[in-house]
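Below is upload_11.txt, holding compact mmCIF, C-alpha atoms.
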```txt
# COMPACT_ATOMS: atom_id res chain seq x y z
CA MET Q 1 10.17 46.59 -5.98
CA ARG Q 2 13.74 46.39 -7.24
CA CYS Q 3 16.03 43.37 -7.46
CA TYR Q 4 18.11 43.21 -4.28
CA LEU Q 5 21.04 41.42 -5.89
CA CYS Q 6 21.21 43.98 -8.71
CA ALA Q 7 21.08 46.75 -6.12
CA LEU Q 8 24.17 45.27 -4.47
CA GLU Q 9 25.90 45.62 -7.84
CA GLY Q 10 24.79 49.25 -8.13
CA LYS Q 11 22.12 48.56 -10.73
CA THR Q 12 18.43 49.34 -10.57
CA THR Q 13 16.43 46.51 -12.07
CA GLU Q 14 12.76 45.86 -11.49
CA ALA Q 15 12.08 42.67 -9.49
CA VAL Q 16 9.80 40.15 -11.20
CA ALA Q 17 9.51 37.65 -8.35
CA ILE Q 18 10.07 37.11 -4.64
CA CYS Q 19 12.25 34.29 -3.32
CA ILE Q 20 10.01 31.89 -1.39
CA VAL Q 21 12.78 31.26 1.17
CA CYS Q 22 14.29 34.66 2.05
CA GLY Q 23 11.65 36.99 0.61
CA MET Q 24 14.14 38.90 -1.51
CA GLY Q 25 12.84 40.63 -4.65
CA VAL Q 26 14.72 39.30 -7.68
CA CYS Q 27 14.98 40.00 -11.39
CA MET Q 28 14.93 37.37 -14.16
CA ASP Q 29 18.74 37.10 -14.03
CA HIS Q 30 18.86 36.35 -10.31
CA LEU Q 31 16.04 33.83 -9.91
CA VAL Q 32 15.77 30.08 -10.37
CA ARG Q 33 12.42 28.51 -11.08
CA ASP Q 34 12.50 25.07 -9.47
CA GLU Q 35 9.91 22.28 -9.52
CA ILE Q 36 9.36 19.74 -6.79
CA GLU Q 37 7.54 16.41 -6.84
CA VAL Q 38 4.20 16.26 -5.04
CA TRP Q 39 2.91 13.05 -3.43
CA GLU Q 40 -0.53 12.44 -2.03
CA GLY Q 41 -1.93 9.71 0.16
CA GLY Q 42 -0.22 7.44 2.63
CA TYR Q 43 -1.17 4.90 5.25
CA PRO Q 44 -3.44 2.96 4.84
CA PHE Q 45 -3.25 3.73 1.11
CA PRO Q 46 -0.17 3.74 -1.11
CA SER Q 47 1.23 7.20 -1.84
CA LYS Q 48 0.90 8.42 -5.41
CA LYS Q 49 3.19 10.86 -7.20
CA LEU Q 50 1.06 13.47 -8.92
CA LYS Q 51 1.72 14.12 -12.59
CA ARG Q 52 2.01 17.84 -12.08
CA ARG Q 53 4.97 19.22 -10.16
CA LEU Q 54 4.85 22.17 -7.79
CA PRO Q 55 6.72 25.21 -9.16
CA ARG Q 56 8.54 27.61 -6.87
CA ILE Q 57 10.91 30.51 -7.30
CA LEU Q 58 14.14 30.94 -5.35
CA CYS Q 59 16.89 33.54 -5.52
CA LYS Q 60 20.23 32.15 -6.67
CA PRO Q 61 21.88 32.24 -3.19
CA CYS Q 62 18.99 30.27 -1.61
CA TYR Q 63 18.93 27.82 -4.51
CA ALA Q 64 22.66 27.21 -4.08
CA VAL Q 65 22.30 26.59 -0.32
CA TYR Q 66 19.30 24.31 -0.84
CA HIS Q 67 21.08 22.14 -3.37
CA GLU Q 68 24.34 22.07 -1.38
CA GLY Q 69 22.56 20.55 1.63
CA MET Z 1 4.25 2.24 -7.52
CA SER Z 2 3.68 -1.10 -9.24
CA LEU Z 3 1.39 -3.75 -7.74
CA ALA Z 4 4.36 -6.13 -7.52
CA LYS Z 5 6.35 -3.68 -5.39
CA ARG Z 6 3.35 -3.02 -3.16
CA CYS Z 7 2.76 -6.75 -2.71
CA LEU Z 8 6.42 -7.22 -1.82
CA ALA Z 9 6.02 -4.51 0.82
CA GLU Z 10 3.00 -6.42 2.22
CA VAL Z 11 5.10 -9.63 2.32
CA VAL Z 12 7.87 -7.87 4.24
CA GLY Z 13 5.50 -6.04 6.58
CA THR Z 14 3.48 -9.13 7.49
CA ALA Z 15 6.66 -11.17 7.96
CA ILE Z 16 7.93 -8.57 10.44
CA LEU Z 17 4.59 -8.59 12.27
CA VAL Z 18 4.61 -12.37 12.67
CA TYR Z 19 8.32 -12.72 13.41
CA PHE Z 20 8.30 -10.18 16.25
CA GLY Z 21 4.69 -10.39 17.45
CA ALA Z 22 3.86 -14.08 17.25
CA GLY Z 23 7.52 -14.73 18.02
CA ALA Z 24 7.11 -12.95 21.37
CA ALA Z 25 4.28 -15.35 22.28
CA ALA Z 26 6.40 -18.35 21.32
CA ILE Z 27 9.36 -17.08 23.37
CA THR Z 28 7.10 -16.55 26.40
CA LEU Z 29 5.97 -20.19 26.21
CA MET Z 30 9.58 -21.33 25.80
CA ILE Z 31 10.68 -19.31 28.84
CA SER Z 32 7.82 -20.62 31.01
CA LYS Z 33 8.39 -24.24 29.98
CA GLY Z 34 8.55 -26.41 33.11
CA SER Z 35 6.77 -23.89 35.33
CA SER Z 36 3.55 -24.87 37.08
CA PRO Z 37 0.69 -22.66 35.94
CA PRO Z 38 -1.71 -21.97 38.81
CA ASN Z 39 -4.87 -23.09 36.93
CA PRO Z 40 -5.94 -24.75 33.65
CA PHE Z 41 -6.83 -21.37 32.04
CA ASN Z 42 -3.12 -20.51 32.21
CA ILE Z 43 -1.22 -22.41 29.50
CA GLY Z 44 2.11 -20.79 30.25
CA ILE Z 45 1.65 -17.22 29.07
CA GLY Z 46 0.95 -15.49 32.37
CA ALA Z 47 2.84 -18.03 34.45
CA LEU Z 48 5.75 -15.61 34.77
CA GLY Z 49 4.18 -12.21 35.20
CA GLY Z 50 0.41 -12.57 35.06
CA LEU Z 51 -1.15 -10.09 32.67
CA GLY Z 52 2.33 -8.57 32.32
CA ASP Z 53 3.21 -11.48 30.03
CA TRP Z 54 0.40 -10.47 27.70
CA PHE Z 55 1.38 -6.81 27.98
CA ALA Z 56 4.90 -7.70 26.88
CA ILE Z 57 3.57 -9.69 23.91
CA GLY Z 58 1.21 -6.82 23.10
CA MET Z 59 4.09 -4.34 23.14
CA ALA Z 60 6.12 -6.55 20.80
CA PHE Z 61 3.19 -6.43 18.37
CA ALA Z 62 2.71 -2.69 18.97
CA ILE Z 63 6.30 -1.80 18.19
CA ALA Z 64 6.47 -4.08 15.14
CA ILE Z 65 3.19 -2.67 13.76
CA ALA Z 66 4.25 0.94 14.35
CA GLY Z 67 7.59 0.27 12.67
CA VAL Z 68 5.96 -1.36 9.64
CA ILE Z 69 3.38 1.42 9.24
CA TYR Z 70 6.02 4.16 9.39
CA ALA Z 71 8.42 2.24 7.15
CA LEU Z 72 6.06 0.88 4.50
CA GLY Z 73 2.79 2.80 4.91
CA ARG Z 74 3.54 5.04 1.93
CA VAL Z 75 4.56 2.11 -0.27
CA SER Z 76 1.68 -0.37 0.04
CA GLY Z 77 -0.54 1.16 2.70
CA ALA Z 78 0.90 -1.40 5.17
CA HIS Z 79 -2.38 -3.24 5.68
CA ILE Z 80 -0.49 -6.41 6.76
CA ASN Z 81 -3.93 -7.83 7.57
CA PRO Z 82 -6.53 -9.28 5.15
CA ALA Z 83 -9.36 -8.03 7.39
CA VAL Z 84 -8.15 -4.43 6.88
CA THR Z 85 -7.81 -4.93 3.10
CA ILE Z 86 -11.32 -6.44 2.88
CA ALA Z 87 -12.87 -3.68 4.99
CA LEU Z 88 -11.29 -0.94 2.85
CA TRP Z 89 -12.43 -2.75 -0.30
CA ALA Z 90 -15.98 -3.17 1.06
CA THR Z 91 -16.28 0.60 1.44
CA ARG Z 92 -14.86 1.17 -2.06
CA ARG Z 93 -11.61 2.61 -0.78
CA PHE Z 94 -9.47 -0.16 -2.25
CA PRO Z 95 -9.62 -1.52 -5.83
CA SER Z 96 -11.25 -4.95 -6.31
CA GLY Z 97 -8.48 -6.19 -8.57
CA GLU Z 98 -5.84 -5.73 -5.88
CA VAL Z 99 -7.61 -7.47 -2.99
CA ILE Z 100 -6.54 -11.04 -3.84
CA PRO Z 101 -2.89 -10.11 -4.60
CA TYR Z 102 -2.67 -8.21 -1.29
CA ILE Z 103 -4.17 -11.11 0.71
CA VAL Z 104 -1.90 -13.67 -0.98
CA ALA Z 105 1.09 -11.44 -0.22
CA GLN Z 106 0.03 -11.14 3.43
CA LEU Z 107 -0.35 -14.93 3.78
CA ILE Z 108 3.05 -15.51 2.17
CA GLY Z 109 4.62 -12.86 4.40
CA ALA Z 110 3.13 -14.35 7.56
CA SER Z 111 4.39 -17.81 6.60
CA LEU Z 112 7.83 -16.40 5.84
CA GLY Z 113 7.88 -14.64 9.23
CA SER Z 114 7.05 -17.90 11.02
CA LEU Z 115 9.61 -19.83 9.00
CA LEU Z 116 12.33 -17.30 9.81
CA PHE Z 117 11.37 -17.36 13.48
CA ALA Z 118 11.59 -21.17 13.55
CA ALA Z 119 14.97 -20.94 11.85
CA SER Z 120 16.14 -18.34 14.40
CA ALA Z 121 14.81 -19.90 17.62
CA GLY Z 122 15.12 -23.62 16.91
CA SER Z 123 12.82 -26.60 17.25
CA ASP Z 124 11.47 -25.57 20.68
CA ALA Z 125 9.94 -22.54 18.98
CA VAL Z 126 7.76 -25.01 17.06
CA MET Z 127 7.31 -27.83 19.59
CA VAL Z 128 6.96 -25.69 22.75
CA GLY Z 129 6.08 -22.24 21.48
CA GLY Z 130 3.93 -23.39 18.56
CA LEU Z 131 5.39 -20.37 16.73
CA GLY Z 132 2.92 -18.23 18.65
CA ALA Z 133 -0.09 -19.79 16.92
CA THR Z 134 -3.45 -18.67 18.23
CA ALA Z 135 -6.19 -20.98 19.55
CA PRO Z 136 -9.09 -20.64 21.98
CA PHE Z 137 -7.98 -21.04 25.59
CA PRO Z 138 -9.39 -23.80 27.85
CA GLY Z 139 -13.10 -23.27 28.45
CA ILE Z 140 -13.55 -20.80 25.58
CA SER Z 141 -16.15 -21.86 22.99
CA PHE Z 142 -16.04 -21.28 19.22
CA GLY Z 143 -18.64 -18.51 19.54
CA GLN Z 144 -16.84 -16.79 22.40
CA ALA Z 145 -13.57 -16.89 20.46
CA VAL Z 146 -15.20 -15.41 17.34
CA LEU Z 147 -16.79 -12.69 19.48
CA ALA Z 148 -13.48 -11.78 21.16
CA GLU Z 149 -11.67 -11.66 17.80
CA ALA Z 150 -14.47 -9.59 16.25
CA ILE Z 151 -14.51 -7.07 19.12
CA GLY Z 152 -10.73 -6.69 19.07
CA THR Z 153 -10.62 -6.18 15.31
CA PHE Z 154 -13.59 -3.80 15.54
CA LEU Z 155 -11.52 -1.53 17.79
CA LEU Z 156 -8.46 -1.87 15.55
CA MET Z 157 -10.42 -0.93 12.41
CA LEU Z 158 -12.28 1.87 14.15
CA VAL Z 159 -8.94 3.39 15.17
CA ILE Z 160 -7.53 2.98 11.64
CA MET Z 161 -10.55 4.87 10.32
CA GLY Z 162 -10.26 7.63 12.92
CA VAL Z 163 -6.51 8.22 12.87
CA ALA Z 164 -5.62 7.37 9.28
CA VAL Z 165 -8.48 7.12 6.77
CA ASP Z 166 -10.45 10.17 7.91
CA GLU Z 167 -9.05 13.25 6.17
CA ARG Z 168 -9.50 15.22 9.39
CA ALA Z 169 -7.16 12.88 11.28
CA PRO Z 170 -4.04 14.40 12.85
CA GLN Z 171 -0.94 13.69 10.77
CA GLY Z 172 1.85 11.41 11.90
CA PHE Z 173 0.18 9.52 14.73
CA ALA Z 174 -1.28 6.55 12.83
CA GLY Z 175 1.56 4.07 13.34
CA LEU Z 176 1.98 4.80 17.02
CA ILE Z 177 -1.70 4.79 17.94
CA ILE Z 178 -2.64 1.77 15.82
CA GLY Z 179 0.30 -0.21 17.20
CA LEU Z 180 -0.63 0.67 20.78
CA THR Z 181 -4.27 -0.21 20.12
CA VAL Z 182 -3.29 -3.72 19.04
CA GLY Z 183 -1.02 -3.97 22.09
CA GLY Z 184 -3.89 -3.01 24.37
CA VAL Z 185 -6.32 -5.43 22.75
CA ILE Z 186 -3.80 -8.27 23.09
CA THR Z 187 -3.24 -7.46 26.77
CA THR Z 188 -6.94 -7.83 27.54
CA THR Z 189 -8.12 -10.54 25.15
CA GLY Z 190 -4.94 -12.52 24.49
CA ASN Z 191 -5.92 -15.17 27.02
CA ILE Z 192 -9.35 -15.67 25.41
CA ALA Z 193 -8.48 -16.71 21.86
CA GLY Z 194 -4.95 -15.41 21.33
CA SER Z 195 -6.06 -12.00 20.05
CA SER Z 196 -4.98 -12.56 16.47
CA LEU Z 197 -7.21 -9.86 14.90
CA ASN Z 198 -5.68 -10.92 11.61
CA PRO Z 199 -6.25 -14.01 9.41
CA ALA Z 200 -2.68 -13.81 8.07
CA ARG Z 201 -1.09 -13.57 11.52
CA THR Z 202 -2.72 -16.92 12.42
CA PHE Z 203 -2.17 -18.54 8.99
CA GLY Z 204 1.62 -18.23 9.07
CA PRO Z 205 2.24 -20.07 12.38
CA TYR Z 206 -0.45 -22.69 11.50
CA LEU Z 207 1.21 -23.51 8.17
CA ILE Z 208 4.78 -23.66 9.44
CA ASP Z 209 3.74 -25.59 12.59
CA HIS Z 210 2.03 -28.12 10.30
CA ILE Z 211 5.03 -28.45 8.00
CA MET Z 212 7.59 -28.68 10.82
CA GLY Z 213 5.72 -31.18 13.01
CA GLY Z 214 4.26 -28.75 15.53
CA PRO Z 215 0.63 -28.53 16.65
CA VAL Z 216 -1.99 -28.90 13.90
CA LEU Z 217 -4.66 -26.32 14.64
CA TRP Z 218 -6.48 -25.80 11.32
CA SER Z 219 -9.86 -26.68 12.88
CA HIS Z 220 -9.67 -23.35 14.73
CA TYR Z 221 -8.83 -21.31 11.62
CA PRO Z 222 -12.43 -20.24 10.84
CA ILE Z 223 -12.40 -18.28 14.14
CA TYR Z 224 -9.55 -16.13 12.83
CA VAL Z 225 -11.24 -15.43 9.51
CA ILE Z 226 -14.83 -14.89 10.63
CA GLY Z 227 -14.05 -12.83 13.76
CA PRO Z 228 -11.56 -10.33 12.30
CA VAL Z 229 -13.39 -9.83 8.98
CA LEU Z 230 -16.74 -9.37 10.75
CA GLY Z 231 -15.29 -6.95 13.29
CA ALA Z 232 -13.49 -4.89 10.63
CA LEU Z 233 -16.60 -4.68 8.42
CA VAL Z 234 -18.82 -3.52 11.29
CA ALA Z 235 -16.22 -0.90 12.21
CA VAL Z 236 -15.86 0.64 8.73
CA PHE Z 237 -19.58 0.87 8.07
CA LEU Z 238 -20.28 2.20 11.57
CA TYR Z 239 -17.51 4.79 11.25
CA ASP Z 240 -18.80 5.95 7.88
CA MET Z 241 -22.31 6.25 9.30
CA LEU Z 242 -21.13 8.16 12.37
CA ALA Z 243 -18.73 10.47 10.50
CA LYS Z 244 -21.19 11.41 7.74
CA GLU Z 245 -22.68 14.92 7.97
```
Could I get this structure in the form of structure tokens?
Amino acid sequence: MRCYLCALEGKTTEAVAICIVCGMGVCMDHLVRDEIEVWEGGYPFPSKKLKRRLPRILCKPCYAVYHEG
Amino acid sequence: MSLAKRCLAEVVGTAILVYFGAGAAAITLMISKGSSPPNPFNIGIGALGGLGDWFAIGMAFAIAIAGVIYALGRVSGAHINPAVTIALWATRRFPSGEVIPYIVAQLIGASLGSLLFAASAGSDAVMVGGLGATAPFPGISFGQAVLAEAIGTFLLMLVIMGVAVDERAPQGFAGLIIGLTVGGVITTTGNIAGSSLNPARTFGPYLIDHIMGGPVLWSHYPIYVIGPVLGALVAVFLYDMLAKE
């Protein structure tokens, strides 16, 4: 698979990941590796934030939209 | 989340429960003041709308409980009831070192809720409404009152186990269903012993009534410790036995 965003620029770059939101194949230059907090538990027990965070990969357009909203 | 923050959440949650729930019982007595109840078993709650009076009080509890569970359930677990805390501890689901702080927080919260209700509704809330304190109704013995409180709390704890503690429980329904369960129990058993189901819910009105010159009811307090704790313990152990493979 090739990077979609590079293809739009007329380049052919191998994709190294897929955006978890839109499914686009992206190269290292067009991806953002984000980490989100994970909580477990809840009523009738207090929630606990886990030490490890959940990694996920987004393309830059999806990352921008996510953080704008 | 620190223990102090979780205890503060228990204070707030139990205060809300007592202000709105027990407060609804006090308001009902204040509204029915001067009416002529049809028989000695009717002390004023029921004089206006029969069992509908108890349903209204039950719904006030239901909505307050649901609100507290959804608002604070992730912070402290929103037990807002020493019987629930003890039952979870007895089955090793809650740490021993946090039981006493939680119960103290719940008792403080219940007292604060009653105090705020008295401040909001005036002296009649204490002298006429008794701040919604629970006591056995005319003709109800100590044993009958304990039994009614134990059965009501048994159902409450059984539902908590089924809709919240069990990992197979559907997500998101706990507050609504647990609130409605308490509302239903109050509708049926309110006119037996007040349907407290909660040692803290009775402690708050008792303490503030005592301090502010209202009815002194401490002789009934063992009913509201023995019944709820017994009912909750039977429910957790029975549920664990039934749910085990």
Within 6 Å of Q:Leu31 using only C-alpha atoms, minus same-chain residues under 3 positions, as a PDB file with C-alpha atoms, keeping the file's coordinate frame:
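This went into result.pdb:
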```
ATOM      1  CA  MET Q  28      14.930  37.370 -14.160  1.00  0.00           C
ATOM      2  CA  LEU Q  58      14.140  30.940  -5.350  1.00  0.00           C
ATOM      3  CA  CYS Q  59      16.890  33.540  -5.520  1.00  0.00           C
ATOM      4  CA  LYS Q  60      20.230  32.150  -6.670  1.00  0.00           C
TER       5      LYS Q  60
END
```
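Between Q:Thr12 and the candidates Q:Pro61, Q:Pro55, Q:Gly25, Q:Pro44, the tightest atom-to-atom separation, counting all atoms listed in the file, involves Q:Gly25.
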Original post:
Around (12.3, -21.6, 21.8) in the file's own coordinates, what residues are found within 9 Å if you use all atoms listed in the file, given back as a count of residues only?
Top reply: 18
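Between atom CA of Z:Tyr224 and atom CA of Z:Val185 there is a distance of 14.9 Å.
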Could you give me, as CSV, every chain Z residue with an atom at most 8 Å from chain Q, plus its closest atom pair and distance in Å to one decimal, counting only C-alpha atoms, rows ordered by chain then number?
```
residue,atom,partner,partner_atom,distance
Z:Met1,CA,Q:Lys48,CA,7.3
Z:Arg6,CA,Q:Pro46,CA,7.9
Z:Ile69,CA,Q:Tyr43,CA,7.0
Z:Gly73,CA,Q:Tyr43,CA,4.5
Z:Arg74,CA,Q:Gly42,CA,4.5
Z:Val75,CA,Q:Pro46,CA,5.1
Z:Ser76,CA,Q:Pro46,CA,4.7
Z:Gly77,CA,Q:Pro44,CA,4.0
Z:Ala78,CA,Q:Pro44,CA,6.2
Z:His79,CA,Q:Pro44,CA,6.3
Z:Ile160,CA,Q:Pro44,CA,7.9
Z:Ala164,CA,Q:Tyr43,CA,6.5
Z:Val165,CA,Q:Pro44,CA,6.8
Z:Ala174,CA,Q:Tyr43,CA,7.8
```
Same residues, C-alpha atoms, output as an mmCIF file, in the coordinates of the input:
```
data_model
loop_
_atom_site.group_PDB
_atom_site.id
_atom_site.type_symbol
_atom_site.label_atom_id
_atom_site.label_comp_id
_atom_site.auth_asym_id
_atom_site.auth_seq_id
_atom_site.Cartn_x
_atom_site.Cartn_y
_atom_site.Cartn_z
ATOM 1 C CA MET Z 1 4.250 2.240 -7.520
ATOM 2 C CA ARG Z 6 3.350 -3.020 -3.160
ATOM 3 C CA ILE Z 69 3.380 1.420 9.240
ATOM 4 C CA GLY Z 73 2.790 2.800 4.910
ATOM 5 C CA ARG Z 74 3.540 5.040 1.930
ATOM 6 C CA VAL Z 75 4.560 2.110 -0.270
ATOM 7 C CA SER Z 76 1.680 -0.370 0.040
ATOM 8 C CA GLY Z 77 -0.540 1.160 2.700
ATOM 9 C CA ALA Z 78 0.900 -1.400 5.170
ATOM 10 C CA HIS Z 79 -2.380 -3.240 5.680
ATOM 11 C CA ILE Z 160 -7.530 2.980 11.640
ATOM 12 C CA ALA Z 164 -5.620 7.370 9.280
ATOM 13 C CA VAL Z 165 -8.480 7.120 6.770
ATOM 14 C CA ALA Z 174 -1.280 6.550 12.830
#
```
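For the atom pair formed by atom CA of Z:Thr187 and atom CA of Z:Tyr19, the distance is 18.4 Å, given to one decimal.
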**OP:** Mind giving me the straight-line distance from atom CA of Z:Phe142 to atom CA of Z:Gly227 in Å, one decimal?
**Re:** 10.3 Å
**OP:** Write out as a list in words which residues come within 10 Å of Q:Arg53 when counting only C-alpha atoms, dropping same-chain ones fewer than 4 positions away.
**Re:** Asp34, Glu35, Ile36, Glu37, Val38, Trp39 and Lys49 of chain Q
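Residues lying at most 9 Å from (-6.3, -23.3, 26.0) in file coordinates, with all atoms listed in the file considered, are Pro40, Phe41, Asn42, Ile43, Ala135, Pro136, Phe137, Pro138, Gly139, Ile140, Asn191, Ile192 and Ala193 of chain Z.
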Original post:
Residues at most 8 Å from Z:Gly113, counting only C-alpha atoms, excluding those fewer than 4 positions away in the same chain, as a PyMOL selection string?
Top reply: chain Z and resi 14-19+109+117+204
With 6 Å of padding per side, what axis-aligned box (centre and edge lengths, Å, one decimal) covers all the listed atoms of stretch 39-49 of chain Z? Give it as lines of an AutoDock Vina configuration file.
```
center_x = -0.5
center_y = -18.5
center_z = 33.0
size_x = 24.6
size_y = 24.5
size_z = 19.9
```
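Nearest to Z:Ile178 of all the residues Z:Ala110, Z:Ile100, Z:Ala148, Z:Leu155 is Z:Leu155, based on only C-alpha atoms.
With only C-alpha atoms as the atoms that count, the residue of Z:Ala9, Z:Ile223, Z:Val84, Z:Ala64 with the shortest distance to Z:Ser141 is Z:Ile223.
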**OP:** Point out the residue among Q:His30, Q:Arg56, Q:Lys51, Q:His67 with the least atom-to-atom distance to Q:Thr13, counting all atoms listed in the file.
**Re:** Q:His30
